[in-house]
$ cat model-v2.tsv   # TSV, N, CA and C atoms
chain	number	residue	atom	x	y	z
A	576	GLN	N	-15.86	-12.09	7.39
A	576	GLN	CA	-15.68	-11.41	6.11
A	576	GLN	C	-14.55	-10.40	6.22
A	577	VAL	N	-13.56	-10.54	5.34
A	577	VAL	CA	-12.41	-9.63	5.36
A	577	VAL	C	-12.79	-8.31	4.71
A	578	GLN	N	-12.40	-7.24	5.34
A	578	GLN	CA	-12.65	-5.91	4.78
A	578	GLN	C	-11.43	-5.03	5.00
A	579	LEU	N	-11.04	-4.31	3.96
A	579	LEU	CA	-9.94	-3.35	4.03
A	579	LEU	C	-10.49	-1.98	3.69
A	580	VAL	N	-10.24	-1.01	4.55
A	580	VAL	CA	-10.77	0.34	4.34
A	580	VAL	C	-9.63	1.33	4.38
A	581	GLU	N	-9.38	1.98	3.23
A	581	GLU	CA	-8.32	2.99	3.15
A	581	GLU	C	-8.87	4.36	3.52
A	582	SER	N	-7.97	5.20	4.02
A	582	SER	CA	-8.31	6.59	4.31
A	582	SER	C	-7.04	7.42	4.24
A	583	GLY	N	-7.22	8.74	4.22
A	583	GLY	CA	-6.07	9.63	4.26
A	583	GLY	C	-5.71	10.28	2.93
A	584	GLY	N	-6.39	9.89	1.87
A	584	GLY	CA	-6.10	10.51	0.58
A	584	GLY	C	-6.60	11.94	0.53
A	585	GLY	N	-6.22	12.64	-0.54
A	585	GLY	CA	-6.67	14.02	-0.68
A	585	GLY	C	-5.85	14.76	-1.71
A	586	LEU	N	-5.99	16.08	-1.69
A	586	LEU	CA	-5.28	16.95	-2.61
A	586	LEU	C	-4.15	17.64	-1.87
A	587	VAL	N	-2.96	17.60	-2.43
A	587	VAL	CA	-1.80	18.21	-1.79
A	587	VAL	C	-0.91	18.83	-2.87
A	588	GLN	N	-0.19	19.86	-2.51
A	588	GLN	CA	0.74	20.48	-3.45
A	588	GLN	C	2.02	19.66	-3.55
A	589	ALA	N	2.68	19.80	-4.67
A	589	ALA	CA	3.97	19.12	-4.85
A	589	ALA	C	4.91	19.49	-3.71
A	590	GLY	N	5.62	18.49	-3.21
A	590	GLY	CA	6.50	18.69	-2.07
A	590	GLY	C	5.84	18.43	-0.73
A	591	GLY	N	4.54	18.29	-0.74
A	591	GLY	CA	3.81	18.05	0.50
A	591	GLY	C	3.81	16.60	0.91
A	592	SER	N	3.05	16.31	1.97
A	592	SER	CA	3.00	14.96	2.55
A	592	SER	C	1.57	14.54	2.80
A	593	LEU	N	1.36	13.24	2.74
A	593	LEU	CA	0.10	12.62	3.14
A	593	LEU	C	0.43	11.30	3.82
A	594	LYS	N	-0.46	10.88	4.71
A	594	LYS	CA	-0.31	9.56	5.33
A	594	LYS	C	-1.59	8.77	5.10
A	595	LEU	N	-1.45	7.68	4.37
A	595	LEU	CA	-2.58	6.80	4.12
A	595	LEU	C	-2.65	5.73	5.20
A	596	SER	N	-3.87	5.35	5.52
A	596	SER	CA	-4.12	4.28	6.48
A	596	SER	C	-5.00	3.23	5.83
A	597	CYS	N	-4.83	2.00	6.25
A	597	CYS	CA	-5.68	0.90	5.79
A	597	CYS	C	-6.02	0.05	7.00
A	598	ALA	N	-7.28	0.10	7.37
A	598	ALA	CA	-7.75	-0.68	8.50
A	598	ALA	C	-8.35	-2.00	8.00
A	599	ALA	N	-7.81	-3.08	8.52
A	599	ALA	CA	-8.26	-4.41	8.11
A	599	ALA	C	-9.13	-5.03	9.20
A	600	SER	N	-10.13	-5.74	8.79
A	600	SER	CA	-11.00	-6.42	9.74
A	600	SER	C	-11.43	-7.77	9.19
A	601	GLY	N	-11.92	-8.62	10.06
A	601	GLY	CA	-12.39	-9.93	9.64
A	601	GLY	C	-11.49	-11.06	10.09
A	602	ARG	N	-10.26	-10.75	10.40
A	602	ARG	CA	-9.33	-11.74	10.96
A	602	ARG	C	-8.11	-11.00	11.46
A	603	THR	N	-7.19	-11.73	12.07
A	603	THR	CA	-5.95	-11.14	12.54
A	603	THR	C	-4.91	-11.22	11.43
A	604	PHE	N	-4.31	-10.08	11.11
A	604	PHE	CA	-3.41	-10.01	9.96
A	604	PHE	C	-1.94	-9.90	10.34
A	605	SER	N	-1.59	-10.16	11.58
A	605	SER	CA	-0.22	-9.92	12.03
A	605	SER	C	0.81	-10.74	11.25
A	606	THR	N	0.43	-11.89	10.72
A	606	THR	CA	1.38	-12.71	9.98
A	606	THR	C	1.25	-12.55	8.47
A	607	TYR	N	0.34	-11.70	8.02
A	607	TYR	CA	0.10	-11.52	6.59
A	607	TYR	C	1.00	-10.42	6.04
A	608	ARG	N	1.34	-10.54	4.77
A	608	ARG	CA	2.00	-9.46	4.06
A	608	ARG	C	0.96	-8.40	3.71
A	609	MET	N	1.31	-7.14	3.87
A	609	MET	CA	0.39	-6.06	3.52
A	609	MET	C	1.09	-5.13	2.54
A	610	GLY	N	0.35	-4.62	1.58
A	610	GLY	CA	0.97	-3.82	0.55
A	610	GLY	C	0.11	-2.68	0.08
A	611	TRP	N	0.74	-1.80	-0.68
A	611	TRP	CA	0.05	-0.69	-1.33
A	611	TRP	C	0.36	-0.73	-2.83
A	612	PHE	N	-0.67	-0.54	-3.60
A	612	PHE	CA	-0.57	-0.41	-5.05
A	612	PHE	C	-1.22	0.92	-5.43
A	613	ARG	N	-0.98	1.37	-6.66
A	613	ARG	CA	-1.64	2.58	-7.14
A	613	ARG	C	-1.96	2.45	-8.62
A	614	GLN	N	-2.98	3.20	-9.02
A	614	GLN	CA	-3.37	3.21	-10.42
A	614	GLN	C	-3.65	4.64	-10.85
A	615	ALA	N	-2.83	5.12	-11.76
A	615	ALA	CA	-3.02	6.46	-12.32
A	615	ALA	C	-3.96	6.36	-13.52
A	616	PRO	N	-4.56	7.48	-13.91
A	616	PRO	CA	-5.47	7.46	-15.05
A	616	PRO	C	-4.81	6.90	-16.30
A	617	ALA	N	-5.51	6.00	-16.97
A	617	ALA	CA	-5.05	5.41	-18.22
A	617	ALA	C	-3.79	4.57	-18.05
A	618	LYS	N	-3.47	4.17	-16.84
A	618	LYS	CA	-2.31	3.33	-16.61
A	618	LYS	C	-2.71	2.08	-15.84
A	619	GLU	N	-1.86	1.06	-15.90
A	619	GLU	CA	-2.12	-0.14	-15.15
A	619	GLU	C	-1.78	0.07	-13.68
A	620	ARG	N	-2.40	-0.74	-12.84
A	620	ARG	CA	-2.10	-0.66	-11.42
A	620	ARG	C	-0.67	-1.15	-11.19
A	621	GLU	N	0.04	-0.44	-10.31
A	621	GLU	CA	1.44	-0.81	-10.06
A	621	GLU	C	1.72	-0.94	-8.57
A	622	PHE	N	2.68	-1.77	-8.27
A	622	PHE	CA	3.14	-1.97	-6.90
A	622	PHE	C	3.82	-0.71	-6.38
A	623	VAL	N	3.57	-0.37	-5.12
A	623	VAL	CA	4.21	0.78	-4.49
A	623	VAL	C	5.10	0.35	-3.33
A	624	ALA	N	4.54	-0.44	-2.41
A	624	ALA	CA	5.30	-0.84	-1.23
A	624	ALA	C	4.64	-2.05	-0.58
A	625	ALA	N	5.44	-2.80	0.16
A	625	ALA	CA	4.92	-3.95	0.89
A	625	ALA	C	5.72	-4.13	2.17
A	626	ILE	N	5.07	-4.74	3.15
A	626	ILE	CA	5.71	-5.04	4.41
A	626	ILE	C	5.34	-6.47	4.79
A	627	SER	N	6.33	-7.24	5.19
A	627	SER	CA	6.09	-8.64	5.49
A	627	SER	C	5.41	-8.79	6.84
A	628	GLY	N	5.08	-10.02	7.19
A	628	GLY	CA	4.42	-10.30	8.45
A	628	GLY	C	5.35	-10.15	9.63
A	629	ARG	N	5.67	-11.25	10.26
A	629	ARG	CA	6.44	-11.20	11.51
A	629	ARG	C	7.81	-10.55	11.36
A	630	THR	N	8.48	-10.76	10.23
A	630	THR	CA	9.84	-10.24	10.08
A	630	THR	C	9.87	-8.75	9.80
A	631	VAL	N	8.74	-8.19	9.35
A	631	VAL	CA	8.60	-6.75	9.09
A	631	VAL	C	9.68	-6.21	8.16
A	632	ASN	N	9.95	-6.96	7.12
A	632	ASN	CA	10.81	-6.45	6.06
A	632	ASN	C	9.96	-5.62	5.11
A	633	THR	N	10.62	-4.69	4.41
A	633	THR	CA	9.88	-3.80	3.51
A	633	THR	C	10.47	-3.82	2.10
A	634	SER	N	9.63	-3.42	1.16
A	634	SER	CA	10.03	-3.35	-0.25
A	634	SER	C	9.33	-2.16	-0.88
A	635	TYR	N	10.02	-1.47	-1.80
A	635	TYR	CA	9.45	-0.27	-2.40
A	635	TYR	C	9.68	-0.23	-3.91
A	636	LEU	N	8.75	0.42	-4.58
A	636	LEU	CA	8.95	0.79	-5.97
A	636	LEU	C	10.12	1.78	-6.01
A	637	GLY	N	10.97	1.64	-7.01
A	637	GLY	CA	12.16	2.46	-7.06
A	637	GLY	C	11.91	3.96	-6.99
A	638	SER	N	10.86	4.40	-7.66
A	638	SER	CA	10.60	5.84	-7.74
A	638	SER	C	10.08	6.44	-6.45
A	639	VAL	N	9.68	5.62	-5.49
A	639	VAL	CA	9.19	6.15	-4.22
A	639	VAL	C	10.16	5.88	-3.08
A	640	LYS	N	11.19	5.11	-3.33
A	640	LYS	CA	12.16	4.79	-2.28
A	640	LYS	C	12.81	6.06	-1.75
A	641	GLY	N	12.85	6.17	-0.43
A	641	GLY	CA	13.39	7.37	0.19
A	641	GLY	C	12.36	8.46	0.43
A	642	ARG	N	11.20	8.35	-0.22
A	642	ARG	CA	10.13	9.34	-0.01
A	642	ARG	C	8.94	8.72	0.72
A	643	PHE	N	8.66	7.46	0.46
A	643	PHE	CA	7.52	6.78	1.08
A	643	PHE	C	8.02	5.79	2.14
A	644	THR	N	7.23	5.61	3.19
A	644	THR	CA	7.54	4.64	4.22
A	644	THR	C	6.29	3.85	4.57
A	645	ILE	N	6.40	2.54	4.47
A	645	ILE	CA	5.30	1.66	4.86
A	645	ILE	C	5.56	1.15	6.27
A	646	SER	N	4.50	1.08	7.07
A	646	SER	CA	4.62	0.57	8.43
A	646	SER	C	3.30	-0.11	8.79
A	647	ARG	N	3.33	-0.84	9.89
A	647	ARG	CA	2.13	-1.54	10.31
A	647	ARG	C	1.97	-1.51	11.80
A	648	ASP	N	0.73	-1.58	12.25
A	648	ASP	CA	0.38	-1.65	13.66
A	648	ASP	C	-0.46	-2.91	13.81
A	649	ASN	N	0.18	-3.99	14.22
A	649	ASN	CA	-0.52	-5.27	14.28
A	649	ASN	C	-1.61	-5.28	15.36
A	650	ALA	N	-1.41	-4.52	16.40
A	650	ALA	CA	-2.41	-4.48	17.47
A	650	ALA	C	-3.74	-3.94	16.96
A	651	ASN	N	-3.66	-3.07	15.95
A	651	ASN	CA	-4.86	-2.46	15.40
A	651	ASN	C	-5.16	-2.90	13.97
A	652	ASN	N	-4.43	-3.93	13.50
A	652	ASN	CA	-4.69	-4.47	12.16
A	652	ASN	C	-4.66	-3.36	11.11
A	653	THR	N	-3.68	-2.48	11.20
A	653	THR	CA	-3.62	-1.32	10.31
A	653	THR	C	-2.25	-1.22	9.64
A	654	VAL	N	-2.26	-0.86	8.38
A	654	VAL	CA	-1.02	-0.58	7.66
A	654	VAL	C	-1.06	0.87	7.19
A	655	TYR	N	0.10	1.50	7.20
A	655	TYR	CA	0.20	2.92	6.84
A	655	TYR	C	1.15	3.10	5.66
A	656	LEU	N	0.96	4.21	4.97
A	656	LEU	CA	1.90	4.63	3.94
A	656	LEU	C	2.14	6.12	4.13
A	657	GLN	N	3.29	6.45	4.68
A	657	GLN	CA	3.68	7.85	4.83
A	657	GLN	C	4.33	8.29	3.53
A	658	MET	N	3.77	9.33	2.93
A	658	MET	CA	4.26	9.80	1.64
A	658	MET	C	4.76	11.22	1.79
A	659	ASN	N	6.05	11.41	1.58
A	659	ASN	CA	6.68	12.72	1.67
A	659	ASN	C	7.20	13.15	0.31
A	660	SER	N	7.50	14.43	0.19
A	660	SER	CA	8.06	14.98	-1.06
A	660	SER	C	7.24	14.52	-2.27
A	661	LEU	N	5.95	14.66	-2.16
A	661	LEU	CA	5.07	14.17	-3.21
A	661	LEU	C	5.27	14.92	-4.52
A	662	LYS	N	5.09	14.19	-5.61
A	662	LYS	CA	5.27	14.74	-6.95
A	662	LYS	C	3.96	14.56	-7.73
A	663	PRO	N	3.73	15.38	-8.74
A	663	PRO	CA	2.50	15.21	-9.54
A	663	PRO	C	2.36	13.79	-10.10
A	664	GLU	N	3.47	13.16	-10.40
A	664	GLU	CA	3.39	11.79	-10.95
A	664	GLU	C	2.98	10.75	-9.91
A	665	ASP	N	2.86	11.16	-8.66
A	665	ASP	CA	2.33	10.26	-7.63
A	665	ASP	C	0.80	10.25	-7.61
A	666	THR	N	0.20	11.11	-8.40
A	666	THR	CA	-1.26	11.18	-8.46
A	666	THR	C	-1.83	9.86	-8.95
A	667	ALA	N	-2.74	9.29	-8.15
A	667	ALA	CA	-3.31	7.98	-8.47
A	667	ALA	C	-4.34	7.62	-7.42
A	668	VAL	N	-5.08	6.55	-7.69
A	668	VAL	CA	-5.87	5.91	-6.66
A	668	VAL	C	-4.97	4.87	-5.99
A	669	TYR	N	-4.87	4.96	-4.67
A	669	TYR	CA	-4.01	4.06	-3.92
A	669	TYR	C	-4.86	2.97	-3.26
A	670	TYR	N	-4.40	1.74	-3.44
A	670	TYR	CA	-5.12	0.57	-2.93
A	670	TYR	C	-4.28	-0.17	-1.90
A	671	CYS	N	-4.94	-0.60	-0.86
A	671	CYS	CA	-4.34	-1.47	0.14
A	671	CYS	C	-4.63	-2.92	-0.25
A	672	ALA	N	-3.68	-3.80	0.01
A	672	ALA	CA	-3.86	-5.21	-0.31
A	672	ALA	C	-3.21	-6.08	0.75
A	673	VAL	N	-3.75	-7.28	0.91
A	673	VAL	CA	-3.23	-8.21	1.91
A	673	VAL	C	-3.01	-9.58	1.26
A	674	ALA	N	-1.87	-10.18	1.60
A	674	ALA	CA	-1.54	-11.51	1.09
A	674	ALA	C	-1.38	-12.48	2.24
A	675	SER	N	-1.96	-13.68	2.11
A	675	SER	CA	-1.85	-14.66	3.18
A	675	SER	C	-0.42	-15.15	3.35
A	676	SER	N	0.38	-15.04	2.31
A	676	SER	CA	1.81	-15.32	2.45
A	676	SER	C	2.44	-14.14	3.17
A	677	GLY	N	3.06	-14.40	4.29
A	677	GLY	CA	3.61	-13.30	5.07
A	677	GLY	C	4.93	-12.76	4.56
A	678	LEU	N	5.58	-13.49	3.70
A	678	LEU	CA	6.93	-13.12	3.29
A	678	LEU	C	6.94	-12.24	2.04
A	679	LEU	N	8.05	-11.56	1.83
A	679	LEU	CA	8.25	-10.81	0.59
A	679	LEU	C	8.82	-11.79	-0.45
A	680	THR	N	7.94	-12.58	-1.02
A	680	THR	CA	8.37	-13.56	-2.02
A	680	THR	C	8.74	-12.85	-3.32
A	681	VAL	N	9.24	-13.62	-4.27
A	681	VAL	CA	9.61	-13.03	-5.56
A	681	VAL	C	8.39	-12.48	-6.29
A	682	ARG	N	7.20	-12.92	-5.87
A	682	ARG	CA	5.98	-12.47	-6.53
A	682	ARG	C	5.33	-11.30	-5.80
A	683	HIS	N	5.97	-10.73	-4.79
A	683	HIS	CA	5.26	-9.80	-3.91
A	683	HIS	C	4.89	-8.49	-4.59
A	684	THR	N	5.43	-8.21	-5.77
A	684	THR	CA	5.04	-6.99	-6.48
A	684	THR	C	3.89	-7.23	-7.46
A	685	ARG	N	3.44	-8.47	-7.54
A	685	ARG	CA	2.37	-8.83	-8.48
A	685	ARG	C	1.01	-8.72	-7.82
A	686	GLU	N	0.05	-8.15	-8.54
A	686	GLU	CA	-1.31	-8.02	-8.00
A	686	GLU	C	-1.89	-9.37	-7.64
A	687	ASP	N	-1.64	-10.36	-8.47
A	687	ASP	CA	-2.29	-11.66	-8.26
A	687	ASP	C	-1.69	-12.44	-7.10
A	688	ASP	N	-0.71	-11.86	-6.42
A	688	ASP	CA	-0.16	-12.52	-5.23
A	688	ASP	C	-0.85	-12.04	-3.96
A	689	TYR	N	-1.86	-11.20	-4.12
A	689	TYR	CA	-2.60	-10.66	-2.98
A	689	TYR	C	-4.03	-11.19	-2.97
A	690	ASP	N	-4.55	-11.44	-1.78
A	690	ASP	CA	-5.84	-12.11	-1.65
A	690	ASP	C	-7.00	-11.16	-1.39
A	691	TYR	N	-6.72	-10.03	-0.77
A	691	TYR	CA	-7.79	-9.10	-0.40
A	691	TYR	C	-7.39	-7.69	-0.78
A	692	TRP	N	-8.38	-6.89	-1.18
A	692	TRP	CA	-8.13	-5.52	-1.65
A	692	TRP	C	-9.13	-4.55	-1.03
A	693	GLY	N	-8.65	-3.33	-0.82
A	693	GLY	CA	-9.53	-2.26	-0.41
A	693	GLY	C	-10.15	-1.58	-1.62
A	694	GLN	N	-10.97	-0.57	-1.35
A	694	GLN	CA	-11.69	0.10	-2.43
A	694	GLN	C	-10.90	1.24	-3.04
A	695	GLY	N	-9.83	1.66	-2.40
A	695	GLY	CA	-8.98	2.70	-2.94
A	695	GLY	C	-9.26	4.07	-2.37
A	696	THR	N	-8.23	4.91	-2.35
A	696	THR	CA	-8.35	6.29	-1.92
A	696	THR	C	-7.58	7.17	-2.89
A	697	GLN	N	-8.18	8.29	-3.29
A	697	GLN	CA	-7.57	9.15	-4.31
A	697	GLN	C	-6.51	10.05	-3.69
A	698	VAL	N	-5.36	10.09	-4.34
A	698	VAL	CA	-4.30	11.03	-3.99
A	698	VAL	C	-4.03	11.89	-5.22
A	699	THR	N	-4.15	13.21	-5.05
A	699	THR	CA	-3.91	14.13	-6.15
A	699	THR	C	-2.83	15.12	-5.72
A	700	VAL	N	-1.77	15.20	-6.51
A	700	VAL	CA	-0.66	16.10	-6.22
A	700	VAL	C	-0.62	17.17	-7.30
A	701	SER	N	-0.81	18.41	-6.90
A	701	SER	CA	-0.83	19.51	-7.86
A	701	SER	C	0.57	20.11	-7.99
A	702	SER	N	0.86	20.61	-9.17
A	702	SER	CA	2.20	21.17	-9.42
A	702	SER	C	2.24	22.66	-9.11
$ encode --input "model-v2.tsv" --output "C-alpha cells"
Amino acid sequence: QVQLVESGGGLVQAGGSLKLSCAASGRTFSTYRMGWFRQAPAKEREFVAAISGRTVNTSYLGSVKGRFTISRDNANNTVYLQMNSLKPEDTAVYYCAVASSGLLTVRHTREDDYDYWGQGTQVTVSS
C-alpha cells in the first residue's frame, strides 16, 4: 500500500523559510516523478514544483521560481521542498504527489497526471 506523509508545515513570517518533507512508502520511488501542489482557501489546487525520476530534472511554478527548491533522496524515498523568501500569498495546504511516469511530460503540472497523494500540510505566512 502506497503512503505519502508530508511534514514541515507551520506558521512563519513573511521573508522566512520552511522545508517540507514527504516520506513515501509502499514501493521504491526512485524512478517516479514526485511533485508538490498547493491549495489556498477558496482556490483550486495548483502545481508548485516537480522533479523527475532518474534524470532529476526540475520544474517550477513561475511565482516560486528562485525561491523554492525541490529535491529528492531516493535512498530514503523522500522528496523535499525548501521554501525561502516566503510571502503571504504562499499560504496554502501543500500536497505531495507521485506519478508513475518518471519524466516531466507536458502533463506534469496537471493533478490528474499523478497517481498517489499525501494528506497535506498547512503552510501559513503572516505579513
$ residues_around --input "model-v2.tsv" --residues "A:Tyr669" --least-positions-apart "5" --cutoff "6 Å" --atoms "only N, CA and C atoms" --output "number ranges by chain"
A: 612-614, 695-698
$ select_by_dssp --input "model-v2.tsv" --residues "stretch 583-701 of chain A" --states "strand (DSSP E or B)" --output "PyMOL selection string"
chain A and resi 585-588+593-600+608-614+621-626+633-635+640+643-648+653-658+667-674+691-692+696-701
$ residues_around --input "model-v2.tsv" --residues "stretch 641-646 of chain A" --least-positions-apart "4" --cutoff "7 Å" --atoms "only C-alpha atoms" --output "tab-separated table (two decimals) with N, CA and C atoms, in the frame of the given file"
chain	number	residue	atom	x	y	z
A	624	ALA	N	4.54	-0.44	-2.41
A	624	ALA	CA	5.30	-0.84	-1.23
A	624	ALA	C	4.64	-2.05	-0.58
A	625	ALA	N	5.44	-2.80	0.16
A	625	ALA	CA	4.92	-3.95	0.89
A	625	ALA	C	5.72	-4.13	2.17
A	626	ILE	N	5.07	-4.74	3.15
A	626	ILE	CA	5.71	-5.04	4.41
A	626	ILE	C	5.34	-6.47	4.79
A	654	VAL	N	-2.26	-0.86	8.38
A	654	VAL	CA	-1.02	-0.58	7.66
A	654	VAL	C	-1.06	0.87	7.19
A	655	TYR	N	0.10	1.50	7.20
A	655	TYR	CA	0.20	2.92	6.84
A	655	TYR	C	1.15	3.10	5.66
A	656	LEU	N	0.96	4.21	4.97
A	656	LEU	CA	1.90	4.63	3.94
A	656	LEU	C	2.14	6.12	4.13
A	657	GLN	N	3.29	6.45	4.68
A	657	GLN	CA	3.68	7.85	4.83
A	657	GLN	C	4.33	8.29	3.53
A	658	MET	N	3.77	9.33	2.93
A	658	MET	CA	4.26	9.80	1.64
A	658	MET	C	4.76	11.22	1.79
A	659	ASN	N	6.05	11.41	1.58
A	659	ASN	CA	6.68	12.72	1.67
A	659	ASN	C	7.20	13.15	0.31
A	660	SER	N	7.50	14.43	0.19
A	660	SER	CA	8.06	14.98	-1.06
A	660	SER	C	7.24	14.52	-2.27
$ residues_around --input "model-v2.tsv" --residues "A:Asn649" --least-positions-apart "4" --cutoff "7 Å" --atoms "only N, CA and C atoms" --output "PyMOL selection string"
chain A and resi 604-605+653
$ axis_aligned_box --input "model-v2.tsv" --around "stretch 584-589 of chain A" --padding-each-side "8 Å" --output "AutoDock Vina command-line options"
--center_x -0.9 --center_y 15.2 --center_z -1.5 --size_x 27.6 --size_y 26.6 --size_z 22.7
$ atom_distance --input "model-v2.tsv" --atom1 "atom C of A:Ser676" --atom2 "atom CA of A:Lys618"
26.8 Å
$ residues_around --input "model-v2.tsv" --residues "A:Leu579" --least-positions-apart "2" --cutoff "6.5 Å" --atoms "all atoms listed in the file" --output "ChimeraX atom specification"
/A:577,581,597-600,692-694
$ residues_around --input "model-v2.tsv" --residues "A:Arg608" --least-positions-apart "4" --cutoff "8 Å" --atoms "only N, CA and C atoms" --output "PyMOL selection string"
chain A and resi 604+625-629+672-679+689
$ write_last_selection --input "model-v2.tsv" --atoms "N, CA and C atoms" --output "compact mmCIF listing (two decimals), in the coordinates of the input"
# COMPACT_ATOMS: atom_id res chain seq x y z
N PHE A 604 -4.31 -10.08 11.11
CA PHE A 604 -3.41 -10.01 9.96
C PHE A 604 -1.94 -9.90 10.34
N ALA A 625 5.44 -2.80 0.16
CA ALA A 625 4.92 -3.95 0.89
C ALA A 625 5.72 -4.13 2.17
N ILE A 626 5.07 -4.74 3.15
CA ILE A 626 5.71 -5.04 4.41
C ILE A 626 5.34 -6.47 4.79
N SER A 627 6.33 -7.24 5.19
CA SER A 627 6.09 -8.64 5.49
C SER A 627 5.41 -8.79 6.84
N GLY A 628 5.08 -10.02 7.19
CA GLY A 628 4.42 -10.30 8.45
C GLY A 628 5.35 -10.15 9.63
N ARG A 629 5.67 -11.25 10.26
CA ARG A 629 6.44 -11.20 11.51
C ARG A 629 7.81 -10.55 11.36
N ALA A 672 -3.68 -3.80 0.01
CA ALA A 672 -3.86 -5.21 -0.31
C ALA A 672 -3.21 -6.08 0.75
N VAL A 673 -3.75 -7.28 0.91
CA VAL A 673 -3.23 -8.21 1.91
C VAL A 673 -3.01 -9.58 1.26
N ALA A 674 -1.87 -10.18 1.60
CA ALA A 674 -1.54 -11.51 1.09
C ALA A 674 -1.38 -12.48 2.24
N SER A 675 -1.96 -13.68 2.11
CA SER A 675 -1.85 -14.66 3.18
C SER A 675 -0.42 -15.15 3.35
N SER A 676 0.38 -15.04 2.31
CA SER A 676 1.81 -15.32 2.45
C SER A 676 2.44 -14.14 3.17
N GLY A 677 3.06 -14.40 4.29
CA GLY A 677 3.61 -13.30 5.07
C GLY A 677 4.93 -12.76 4.56
N LEU A 678 5.58 -13.49 3.70
CA LEU A 678 6.93 -13.12 3.29
C LEU A 678 6.94 -12.24 2.04
N LEU A 679 8.05 -11.56 1.83
CA LEU A 679 8.25 -10.81 0.59
C LEU A 679 8.82 -11.79 -0.45
N TYR A 689 -1.86 -11.20 -4.12
CA TYR A 689 -2.60 -10.66 -2.98
C TYR A 689 -4.03 -11.19 -2.97
$ decode --input "model-v2.tsv" --residues "stretch 680-692 of chain A" --atoms "N, CA and C atoms" --output "JSON list (two decimals), in the first residue's frame"
[["chain", "number", "residue", "atom", "x", "y", "z"],
["A", 680, "THR", "N", 6.67, 15.22, -18.27],
["A", 680, "THR", "CA", 5.91, 15.27, -19.52],
["A", 680, "THR", "C", 5.17, 16.59, -19.63],
["A", 681, "VAL", "N", 4.52, 16.80, -20.76],
["A", 681, "VAL", "CA", 3.76, 18.04, -20.94],
["A", 681, "VAL", "C", 2.60, 18.13, -19.97],
["A", 682, "ARG", "N", 2.23, 17.00, -19.38],
["A", 682, "ARG", "CA", 1.11, 16.98, -18.45],
["A", 682, "ARG", "C", 1.56, 17.08, -16.99],
["A", 683, "HIS", "N", 2.83, 17.31, -16.74],
["A", 683, "HIS", "CA", 3.34, 17.15, -15.37],
["A", 683, "HIS", "C", 2.81, 18.19, -14.39],
["A", 684, "THR", "N", 2.18, 19.25, -14.88],
["A", 684, "THR", "CA", 1.60, 20.24, -13.97],
["A", 684, "THR", "C", 0.13, 19.95, -13.66],
["A", 685, "ARG", "N", -0.39, 18.90, -14.26],
["A", 685, "ARG", "CA", -1.81, 18.55, -14.07],
["A", 685, "ARG", "C", -1.98, 17.57, -12.92],
["A", 686, "GLU", "N", -2.99, 17.82, -12.09],
["A", 686, "GLU", "CA", -3.26, 16.92, -10.96],
["A", 686, "GLU", "C", -3.52, 15.51, -11.42],
["A", 687, "ASP", "N", -4.23, 15.36, -12.52],
["A", 687, "ASP", "CA", -4.64, 14.03, -12.95],
["A", 687, "ASP", "C", -3.50, 13.23, -13.56],
["A", 688, "ASP", "N", -2.32, 13.81, -13.62],
["A", 688, "ASP", "CA", -1.15, 13.06, -14.10],
["A", 688, "ASP", "C", -0.40, 12.40, -12.96],
["A", 689, "TYR", "N", -0.92, 12.51, -11.75],
["A", 689, "TYR", "CA", -0.29, 11.93, -10.57],
["A", 689, "TYR", "C", -1.15, 10.81, -10.01],
["A", 690, "ASP", "N", -0.49, 9.78, -9.51],
["A", 690, "ASP", "CA", -1.19, 8.56, -9.10],
["A", 690, "ASP", "C", -1.44, 8.48, -7.60],
["A", 691, "TYR", "N", -0.58, 9.09, -6.81],
["A", 691, "TYR", "CA", -0.70, 8.99, -5.36],
["A", 691, "TYR", "C", -0.54, 10.36, -4.74],
["A", 692, "TRP", "N", -1.26, 10.59, -3.64],
["A", 692, "TRP", "CA", -1.27, 11.89, -2.97],
["A", 692, "TRP", "C", -1.13, 11.73, -1.46]]
